[in-house]
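File shown here: my_file-v1.txt, holding compact mmCIF, C-alpha atoms and all ligand atoms.
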```txt
# COMPACT_ATOMS: atom_id res chain seq x y z
CA MET A 155 15.02 15.34 1.80
CA ASN A 156 12.45 13.27 -0.14
CA ASN A 157 8.66 12.85 -0.08
CA PHE A 158 7.12 9.42 -0.56
CA VAL A 159 3.75 10.22 -2.10
CA ASP A 160 3.41 8.07 -5.21
CA ILE A 161 5.51 5.37 -6.87
CA LYS A 162 5.17 7.09 -10.26
CA ASP A 163 7.09 10.14 -8.93
CA ILE A 164 10.16 8.16 -7.85
CA ASP A 165 12.94 7.01 -10.13
CA SER A 166 13.36 3.20 -10.41
CA ASN A 167 16.89 3.38 -9.04
CA GLN A 168 15.67 5.27 -6.00
CA LEU A 169 12.90 2.69 -5.45
CA LYS A 170 15.52 -0.06 -5.62
CA LYS A 171 17.66 1.91 -3.17
CA ILE A 172 14.70 1.94 -0.72
CA LEU A 173 14.39 -1.85 -1.09
CA THR A 174 18.11 -2.23 -0.38
CA PHE A 175 17.80 -0.05 2.74
CA SER A 176 14.78 -2.16 3.78
CA ALA A 177 16.66 -5.45 3.37
CA GLU A 178 19.60 -4.10 5.42
CA LEU A 179 17.30 -2.80 8.16
CA LYS A 180 15.41 -6.11 8.22
CA ALA A 181 18.63 -8.15 8.44
CA GLU A 182 19.72 -6.01 11.41
CA ARG A 183 16.60 -7.13 13.33
CA ASN A 184 17.46 -10.82 13.12
CA CYS A 185 17.09 -12.35 16.63
CA ILE A 186 16.52 -8.94 18.27
CA SER A 187 13.45 -8.40 20.44
CA LYS A 188 10.86 -6.05 18.93
CA GLY A 189 11.30 -3.38 21.62
CA THR A 190 15.07 -3.04 21.16
CA LYS A 191 16.26 -0.04 19.18
CA ASP A 192 18.26 -0.52 15.97
CA PHE A 193 22.05 -0.43 16.12
CA ASN A 194 22.08 2.52 13.68
CA LYS A 195 19.32 4.81 14.90
CA HIS A 196 18.45 6.66 11.70
CA LEU A 197 15.66 8.73 13.31
CA VAL A 198 17.43 9.73 16.51
CA ASN A 199 16.22 13.19 17.67
CA LYS A 200 13.47 13.12 15.03
CA ILE A 201 9.78 13.58 15.80
CA VAL A 202 7.22 12.19 13.38
CA ALA A 203 3.44 12.80 13.30
CA LEU A 204 1.09 10.06 12.12
CA LEU A 205 -2.18 11.70 10.97
CA PHE A 206 -5.10 9.37 10.34
CA LYS A 207 -8.38 10.42 8.78
CA LYS A 208 -9.36 6.74 8.37
CA PRO A 209 -8.93 3.62 10.54
CA SER A 210 -5.74 1.57 10.36
CA THR A 211 -4.17 -1.43 12.05
CA ARG A 212 -1.09 -2.37 9.99
CA THR A 213 -0.02 1.10 8.87
CA ARG A 214 -0.40 2.62 12.29
CA PHE A 215 1.38 -0.08 14.28
CA SER A 216 4.14 -0.69 11.74
CA PHE A 217 5.02 3.02 11.53
CA GLU A 218 4.90 3.49 15.30
CA VAL A 219 7.09 0.45 15.96
CA GLY A 220 9.44 1.29 13.06
CA ILE A 221 9.97 4.87 14.23
CA PHE A 222 10.59 3.66 17.80
CA GLN A 223 13.16 1.10 16.58
CA MET A 224 14.88 3.81 14.52
CA GLY A 225 15.27 5.95 17.65
CA GLY A 226 12.61 8.55 16.75
CA GLN A 227 9.45 9.69 18.51
CA THR A 228 5.84 9.72 17.30
CA ILE A 229 2.71 11.77 17.80
CA THR A 230 -0.31 9.87 16.49
CA VAL A 231 -3.50 11.82 16.00
CA SER A 232 -6.80 11.43 14.20
CA SER A 233 -7.38 14.40 11.90
CA ASN A 234 -10.88 14.64 13.45
CA GLU A 235 -9.16 15.90 16.60
CA MET A 236 -7.41 18.69 14.67
CA GLN A 237 -8.70 22.05 13.41
CA LEU A 238 -8.62 20.38 10.00
CA SER A 239 -12.01 18.91 10.87
CA ASN A 240 -13.28 22.35 11.84
CA PHE A 241 -12.41 24.80 9.06
CA GLU A 242 -8.61 25.12 8.85
CA SER A 243 -7.09 24.44 5.45
CA MET A 244 -4.46 21.81 4.76
CA THR A 245 -2.19 24.48 3.30
CA ASP A 246 -2.13 26.43 6.60
CA THR A 247 -1.89 23.19 8.61
CA ALA A 248 1.11 22.10 6.53
CA ARG A 249 3.01 25.32 7.26
CA VAL A 250 2.28 25.07 10.98
CA LEU A 251 3.20 21.38 11.32
CA SER A 252 6.54 22.06 9.62
CA GLN A 253 7.45 24.23 12.63
CA TYR A 254 7.11 21.36 15.12
CA LEU A 255 7.85 18.14 13.29
CA ASP A 256 10.55 16.43 11.26
CA MET A 257 8.22 14.26 9.13
CA VAL A 258 4.50 13.50 8.62
CA VAL A 259 2.84 10.23 7.64
CA ILE A 260 -0.75 10.83 6.54
CA ARG A 261 -3.75 8.62 5.74
CA THR A 262 -6.51 10.56 4.02
CA ASP A 263 -9.58 10.02 1.86
CA ASN A 264 -8.72 13.12 -0.18
CA HIS A 265 -5.57 12.81 -2.29
CA ALA A 266 -5.65 16.58 -2.97
CA ASP A 267 -5.04 17.17 0.76
CA LEU A 268 -1.97 14.98 0.59
CA ILE A 269 -0.66 16.97 -2.37
CA ASP A 270 -1.31 20.27 -0.52
CA LEU A 271 0.47 18.94 2.55
CA THR A 272 3.47 18.00 0.40
CA LYS A 273 3.48 21.33 -1.42
CA TYR A 274 3.25 23.56 1.65
CA SER A 275 5.49 21.63 4.10
CA ASN A 276 9.24 21.76 4.21
CA ILE A 277 9.58 18.34 5.85
CA PRO A 278 9.22 14.85 4.28
CA ILE A 279 5.65 13.62 3.78
CA ILE A 280 4.73 9.93 3.46
CA ASN A 281 1.47 8.69 1.96
CA GLY A 282 0.07 6.12 4.38
CA LEU A 283 -2.88 5.50 1.97
CA SER A 284 -5.18 7.87 0.14
CA ASN A 285 -8.29 7.31 -1.93
CA LYS A 286 -5.99 7.21 -4.98
CA SER A 287 -2.96 5.19 -3.92
CA HIS A 288 -1.22 3.05 -1.31
CA PRO A 289 2.47 3.15 -2.22
CA CYS A 290 3.84 1.85 1.13
CA GLN A 291 1.76 -1.30 0.69
CA VAL A 292 2.79 -1.93 -2.90
CA LEU A 293 6.51 -1.28 -2.44
CA SER A 294 6.42 -3.61 0.51
CA ASP A 295 4.55 -6.23 -1.59
CA ILE A 296 7.33 -6.07 -4.18
CA PHE A 297 9.88 -6.60 -1.40
CA THR A 298 7.86 -9.62 -0.19
CA PHE A 299 7.56 -11.11 -3.69
CA GLU A 300 11.30 -10.72 -4.34
CA GLU A 301 12.17 -12.16 -0.93
CA ILE A 302 10.25 -15.34 -1.76
CA LYS A 303 10.65 -15.66 -5.54
CA GLY A 304 13.51 -13.40 -6.67
CA SER A 305 13.19 -10.52 -9.14
CA ILE A 306 9.65 -9.49 -10.09
CA LYS A 307 10.92 -8.27 -13.49
CA GLY A 308 9.04 -9.99 -16.34
CA LYS A 309 6.68 -11.84 -13.98
CA ARG A 310 2.94 -12.10 -14.69
CA VAL A 311 1.01 -10.29 -11.96
CA VAL A 312 -2.79 -10.37 -12.06
CA TRP A 313 -4.89 -7.81 -10.22
CA LEU A 314 -8.38 -9.20 -9.55
CA GLY A 315 -11.36 -7.10 -8.46
CA ASP A 316 -11.95 -3.45 -7.71
CA LEU A 317 -9.77 -0.88 -9.47
CA ASN A 318 -8.86 0.88 -6.25
CA ASN A 319 -6.03 2.77 -4.55
CA VAL A 320 -3.86 -0.36 -4.12
CA CYS A 321 -4.45 -1.28 -7.78
CA ASN A 322 -3.37 2.23 -8.87
CA SER A 323 -0.08 1.81 -7.03
CA TYR A 324 0.41 -1.61 -8.71
CA ILE A 325 -0.14 0.07 -12.10
CA GLN A 326 2.56 2.61 -11.24
CA ALA A 327 4.91 -0.08 -9.90
CA SER A 328 4.57 -2.28 -13.01
CA GLU A 329 6.29 0.39 -15.06
CA LYS A 330 9.07 1.02 -12.53
CA PHE A 331 9.83 -2.65 -11.85
CA ASN A 332 9.04 -3.99 -15.35
CA PHE A 333 6.53 -6.68 -14.51
CA ASP A 334 3.51 -7.62 -16.65
CA LEU A 335 0.37 -6.46 -14.91
CA ILE A 336 -2.97 -7.81 -16.07
CA ILE A 337 -6.04 -6.11 -14.65
CA SER A 338 -9.10 -8.33 -14.39
CA ALA A 339 -12.20 -6.34 -13.44
CA PRO A 340 -15.67 -5.60 -14.75
CA SER A 341 -15.59 -3.37 -17.85
CA GLU A 342 -17.95 -0.92 -16.08
CA PHE A 343 -14.96 0.08 -13.94
CA LEU A 344 -12.92 1.28 -16.88
CA SER A 345 -13.65 4.98 -16.47
CA ASN A 346 -11.79 7.51 -18.62
CA GLU A 347 -9.63 8.35 -15.61
CA ILE A 348 -8.57 4.71 -15.28
CA LYS A 349 -8.09 4.31 -19.05
CA ALA A 350 -5.75 7.30 -19.02
CA ILE A 351 -3.41 5.59 -16.55
CA LEU A 352 -3.96 2.02 -17.71
CA ASN A 353 -0.61 1.29 -19.30
CA CYS A 354 -1.06 -2.42 -18.67
CA GLN A 355 -3.19 -5.23 -20.11
CA TYR A 356 -6.89 -5.64 -19.35
CA GLU A 357 -8.73 -8.98 -19.37
CA MET A 358 -12.35 -9.02 -18.31
CA HIS A 359 -12.47 -12.80 -17.73
CA PRO A 360 -10.53 -13.93 -14.63
CA GLU A 361 -10.12 -17.47 -16.07
CA LYS A 362 -8.12 -16.05 -19.00
CA ALA A 363 -6.23 -13.47 -16.93
CA LEU A 364 -5.01 -16.02 -14.39
CA LYS A 365 -3.43 -18.39 -16.89
CA ASN A 366 0.33 -18.61 -16.14
CA ALA A 367 0.08 -16.05 -13.34
CA ASP A 368 3.06 -15.80 -10.96
CA LEU A 369 1.21 -13.56 -8.51
CA ILE A 370 -2.50 -12.91 -7.93
CA VAL A 371 -3.37 -9.78 -5.98
CA THR A 372 -6.79 -9.00 -4.63
CA ASP A 373 -8.22 -6.54 -2.13
CA SER A 374 -11.49 -5.65 -0.51
CA TRP A 375 -14.32 -5.00 -3.01
CA TYR A 376 -14.95 -1.64 -1.42
CA SER A 377 -12.58 0.81 0.20
CA MET A 378 -12.84 3.06 3.24
CA HIS A 379 -13.66 6.14 1.16
CA HIS A 380 -16.54 4.48 -0.77
CA THR A 381 -20.10 5.60 -0.07
CA ARG A 382 -22.79 3.08 0.83
CA LYS A 383 -24.10 3.26 -2.76
CA GLU A 384 -20.63 2.60 -4.23
CA ARG A 385 -20.18 -0.35 -1.85
CA LYS A 386 -23.48 -1.91 -2.89
CA LEU A 387 -22.64 -1.46 -6.58
CA ARG A 388 -19.27 -3.16 -6.13
CA GLN A 389 -20.75 -5.98 -4.08
CA ASP A 390 -23.20 -6.68 -6.92
CA ILE A 391 -20.92 -6.48 -9.94
CA LEU A 392 -17.79 -8.12 -8.54
CA GLN A 393 -19.29 -11.55 -7.78
CA ASN A 394 -17.44 -13.20 -10.72
CA TYR A 395 -14.12 -11.87 -9.39
CA LYS A 396 -14.19 -13.78 -6.10
CA LEU A 397 -10.88 -15.64 -5.70
CA THR A 398 -11.74 -19.34 -5.37
CA ASN A 399 -9.49 -22.41 -5.28
CA ASP A 400 -10.61 -23.23 -8.83
CA LEU A 401 -9.34 -19.85 -10.03
CA VAL A 402 -6.04 -20.24 -8.16
CA LYS A 403 -5.52 -23.63 -9.88
CA ILE A 404 -5.56 -21.93 -13.31
CA SER A 405 -2.39 -20.00 -12.43
CA ASN A 406 1.20 -21.32 -12.28
CA TYR A 407 1.46 -24.19 -9.79
CA ASN A 408 3.63 -22.17 -7.39
CA CYS A 409 1.78 -18.89 -7.87
CA LEU A 410 1.57 -16.58 -4.83
CA VAL A 411 -1.59 -14.85 -3.66
CA PHE A 412 -1.34 -11.42 -2.00
CA HIS A 413 -3.93 -9.55 0.03
CA CYS A 414 -2.97 -6.35 1.86
CA MET A 415 -5.65 -7.01 4.53
CA PRO A 416 -8.14 -6.42 6.08
CA ILE A 417 -9.89 -9.37 4.41
CA HIS A 418 -13.62 -9.72 3.79
CA ARG A 419 -13.75 -13.52 3.78
CA ASN A 420 -16.05 -15.08 1.16
CA ASN A 421 -16.36 -11.74 -0.62
CA GLU A 422 -13.21 -10.99 -2.63
CA ILE A 423 -11.53 -14.22 -1.47
CA MET A 424 -12.98 -17.51 -0.28
CA SER A 425 -12.11 -18.27 3.31
CA ASP A 426 -10.24 -21.50 2.43
CA VAL A 427 -8.05 -19.65 -0.10
CA ALA A 428 -7.32 -16.98 2.52
CA ASP A 429 -6.35 -19.72 5.00
CA ASN A 430 -4.04 -21.40 2.43
CA PHE A 431 -2.17 -18.16 1.82
CA PHE A 432 -2.45 -16.59 5.27
CA GLU A 433 1.26 -17.08 6.04
CA ILE A 434 2.04 -15.03 2.93
CA PHE A 435 -0.37 -12.28 4.02
CA LEU A 436 1.45 -12.18 7.36
CA LYS A 437 4.77 -11.78 5.55
CA GLN A 438 3.27 -8.87 3.61
CA ALA A 439 2.14 -7.31 6.89
CA GLU A 440 5.51 -7.90 8.59
CA ASN A 441 7.41 -6.40 5.68
CA ARG A 442 5.40 -3.18 5.95
CA LEU A 443 7.53 -2.54 9.05
CA HIS A 444 10.89 -3.11 7.35
CA VAL A 445 10.05 -1.38 4.06
CA GLN A 446 8.58 1.70 5.76
CA LYS A 447 11.80 1.93 7.78
CA GLY A 448 13.64 1.84 4.43
CA ILE A 449 11.32 4.57 3.10
CA MET A 450 11.92 6.78 6.17
CA LYS A 451 15.69 6.35 5.93
CA TRP A 452 15.48 7.31 2.23
CA CYS A 453 13.30 10.34 3.02
CA PHE A 454 16.16 11.81 5.06
CA SER A 455 18.90 10.77 2.63
N1 LIG B 501 -3.00 -2.87 4.56
C1 LIG B 501 -3.20 -1.79 5.32
O1 LIG B 501 -2.81 -0.67 4.99
O2 LIG B 501 -3.83 -2.07 6.49
P1 LIG B 501 -4.40 -1.00 7.55
O3 LIG B 501 -5.60 -0.35 6.90
O4 LIG B 501 -4.77 -1.82 8.74
O5 LIG B 501 -3.34 0.01 7.84
N1 LIG B 502 -8.47 -0.55 -0.65
C1 LIG B 502 -8.53 -0.60 0.78
C2 LIG B 502 -7.16 -0.85 1.34
C3 LIG B 502 -7.13 -0.97 2.84
C4 LIG B 502 -5.72 -1.17 3.35
C5 LIG B 502 -9.12 0.69 1.33
O1 LIG B 502 -8.72 1.77 0.88
O2 LIG B 502 -9.98 0.61 2.21
```
In structure tokens, write the structure found in this file.
Amino acid sequence: MNNFVDIKDIDSNQLKKILTFSAELKAERNCISKGTKDFNKHLVNKIVALLFKKPSTRTRFSFEVGIFQMGGQTITVSSNEMQLSNFESMTDTARVLSQYLDMVVIRTDNHADLIDLTKYSNIPIINGLSNKSHPCQVLSDIFTFEEIKGSIKGKRVVWLGDLNNVCNSYIQASEKFNFDLIISAPSEFLSNEIKAILNCQYEMHPEKALKNADLIVTDSWYSMHHTRKERKLRQDILQNYKLTNDLVKISNYNCLVFHCMPIHRNNEIMSDVADNFFEIFLKQAENRLHVQKGIMKWCFS
């Protein structure tokens, strides 16, 4: 049994194994209608809870559909409907949920809750996004990049904008998959916490960072867990990090642009750039389904 909480905790070979499972599971779906179950039903007789403390479109639907295709069953619940929102601790909740369920996928704005859930459960736990990381998204992005361009090893990947949960998972992935990650963000964002984990290059000026880029990744300037004050601050200081066509032109001619969505058009990315790369964003979203199925298969392996 394995937990999927953070990319940094998982050995590179195991991460590659998940990508292999994902590719096999995706290939199996070729020309099959979405509501048909997989030939090999890896989650048969398994019941999985999806706990959401924050809104979600892609994560929620891709997990629900994936678990259905794998022959399992889901219970989806907002944590506001649970005693968690009253006074019950995550440690007690974790012990109780382990009595009913075979696996939990959780989205939370408090990473410590996710760690408690992992520590006090005896079933696999998957991080469906926390305030600190979004490993399902980033592993699935690596799958998407490699599907289109081949190995990501040695490639120049530029993160543009807020140093957020998705960025943290890219930092962790750069070490495991050996790609060059360049972070381009305002220097005000380089807190001691970020500096401690920043094992990659930093370039304040996007024009310099994007030179020879093979992949540009951006995300919303503010995340679901940010307060109104933090959102306003980001909106003000990130204006020079807006992805425009002129910035894209600085990169390699066949450079990809990734956005995990949802998009704030004309904030972090100009609407025309988003339109140019929208097919790629859809591939990223589609691959969430296949890669999360790979993750769930691995969790029970
Ligand atoms: N990218 C992503 O995780 O999207 P949702 O917030 O819609 O799940
Ligand atoms: N950084 C964003 C990602 C949304 C999928 C957030 O946490 O809101």
From A:Asn366, A:Ser275, A:Gln223, A:Ser239, residue lying nearest Leu255 of chain A [all atoms listed in the file]:
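Once distances to Leu255 of chain A are computed over all atoms listed in the file, the minimum belongs to A:Ser275.
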Selection: 10 Å around segment 413-424 of chain A, only C-alpha atoms, excl. self and same-chain fewer than 3 positions, as an NGL selection string
:A and (210-212 or 291-292 or 294-295 or 314-316 or 320 or 370-376 or 389 or 392-399 or 427-429 or 431-432 or 434-436 or 438-439 or 442)
Any chance you could export the current selection's C-alpha atoms as a PDB file, in the frame of the given file?
```pdb
ATOM      1  CA  SER A 210      -5.740   1.570  10.360  1.00  0.00           C
ATOM      2  CA  THR A 211      -4.170  -1.430  12.050  1.00  0.00           C
ATOM      3  CA  ARG A 212      -1.090  -2.370   9.990  1.00  0.00           C
ATOM      4  CA  GLN A 291       1.760  -1.300   0.690  1.00  0.00           C
ATOM      5  CA  VAL A 292       2.790  -1.930  -2.900  1.00  0.00           C
ATOM      6  CA  SER A 294       6.420  -3.610   0.510  1.00  0.00           C
ATOM      7  CA  ASP A 295       4.550  -6.230  -1.590  1.00  0.00           C
ATOM      8  CA  LEU A 314      -8.380  -9.200  -9.550  1.00  0.00           C
ATOM      9  CA  GLY A 315     -11.360  -7.100  -8.460  1.00  0.00           C
ATOM     10  CA  ASP A 316     -11.950  -3.450  -7.710  1.00  0.00           C
ATOM     11  CA  VAL A 320      -3.860  -0.360  -4.120  1.00  0.00           C
ATOM     12  CA  ILE A 370      -2.500 -12.910  -7.930  1.00  0.00           C
ATOM     13  CA  VAL A 371      -3.370  -9.780  -5.980  1.00  0.00           C
ATOM     14  CA  THR A 372      -6.790  -9.000  -4.630  1.00  0.00           C
ATOM     15  CA  ASP A 373      -8.220  -6.540  -2.130  1.00  0.00           C
ATOM     16  CA  SER A 374     -11.490  -5.650  -0.510  1.00  0.00           C
ATOM     17  CA  TRP A 375     -14.320  -5.000  -3.010  1.00  0.00           C
ATOM     18  CA  TYR A 376     -14.950  -1.640  -1.420  1.00  0.00           C
ATOM     19  CA  GLN A 389     -20.750  -5.980  -4.080  1.00  0.00           C
ATOM     20  CA  LEU A 392     -17.790  -8.120  -8.540  1.00  0.00           C
ATOM     21  CA  GLN A 393     -19.290 -11.550  -7.780  1.00  0.00           C
ATOM     22  CA  ASN A 394     -17.440 -13.200 -10.720  1.00  0.00           C
ATOM     23  CA  TYR A 395     -14.120 -11.870  -9.390  1.00  0.00           C
ATOM     24  CA  LYS A 396     -14.190 -13.780  -6.100  1.00  0.00           C
ATOM     25  CA  LEU A 397     -10.880 -15.640  -5.700  1.00  0.00           C
ATOM     26  CA  THR A 398     -11.740 -19.340  -5.370  1.00  0.00           C
ATOM     27  CA  ASN A 399      -9.490 -22.410  -5.280  1.00  0.00           C
ATOM     28  CA  VAL A 427      -8.050 -19.650  -0.100  1.00  0.00           C
ATOM     29  CA  ALA A 428      -7.320 -16.980   2.520  1.00  0.00           C
ATOM     30  CA  ASP A 429      -6.350 -19.720   5.000  1.00  0.00           C
ATOM     31  CA  PHE A 431      -2.170 -18.160   1.820  1.00  0.00           C
ATOM     32  CA  PHE A 432      -2.450 -16.590   5.270  1.00  0.00           C
ATOM     33  CA  ILE A 434       2.040 -15.030   2.930  1.00  0.00           C
ATOM     34  CA  PHE A 435      -0.370 -12.280   4.020  1.00  0.00           C
ATOM     35  CA  LEU A 436       1.450 -12.180   7.360  1.00  0.00           C
ATOM     36  CA  GLN A 438       3.270  -8.870   3.610  1.00  0.00           C
ATOM     37  CA  ALA A 439       2.140  -7.310   6.890  1.00  0.00           C
ATOM     38  CA  ARG A 442       5.400  -3.180   5.950  1.00  0.00           C
TER      39      ARG A 442
END
```
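Nearest to His379 of chain A of all the residues A:Ile260, A:Leu251, A:Met155, A:Leu283 is A:Leu283, based on all atoms listed in the file.
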Hey, can you pull every residue with an atom no more than 12 Å from (3.2, -6.2, -14.8), using all atoms listed in the file, and send it as number ranges by chain?
A: 296, 306-313, 321, 323-337, 352-356, 367-371
Compile the contact shell of segment 246-249 of chain A as a count of residues only: residues with an atom at most 8 Å away, counting only C-alpha atoms, same-chain residues fewer than 5 positions apart removed.
7
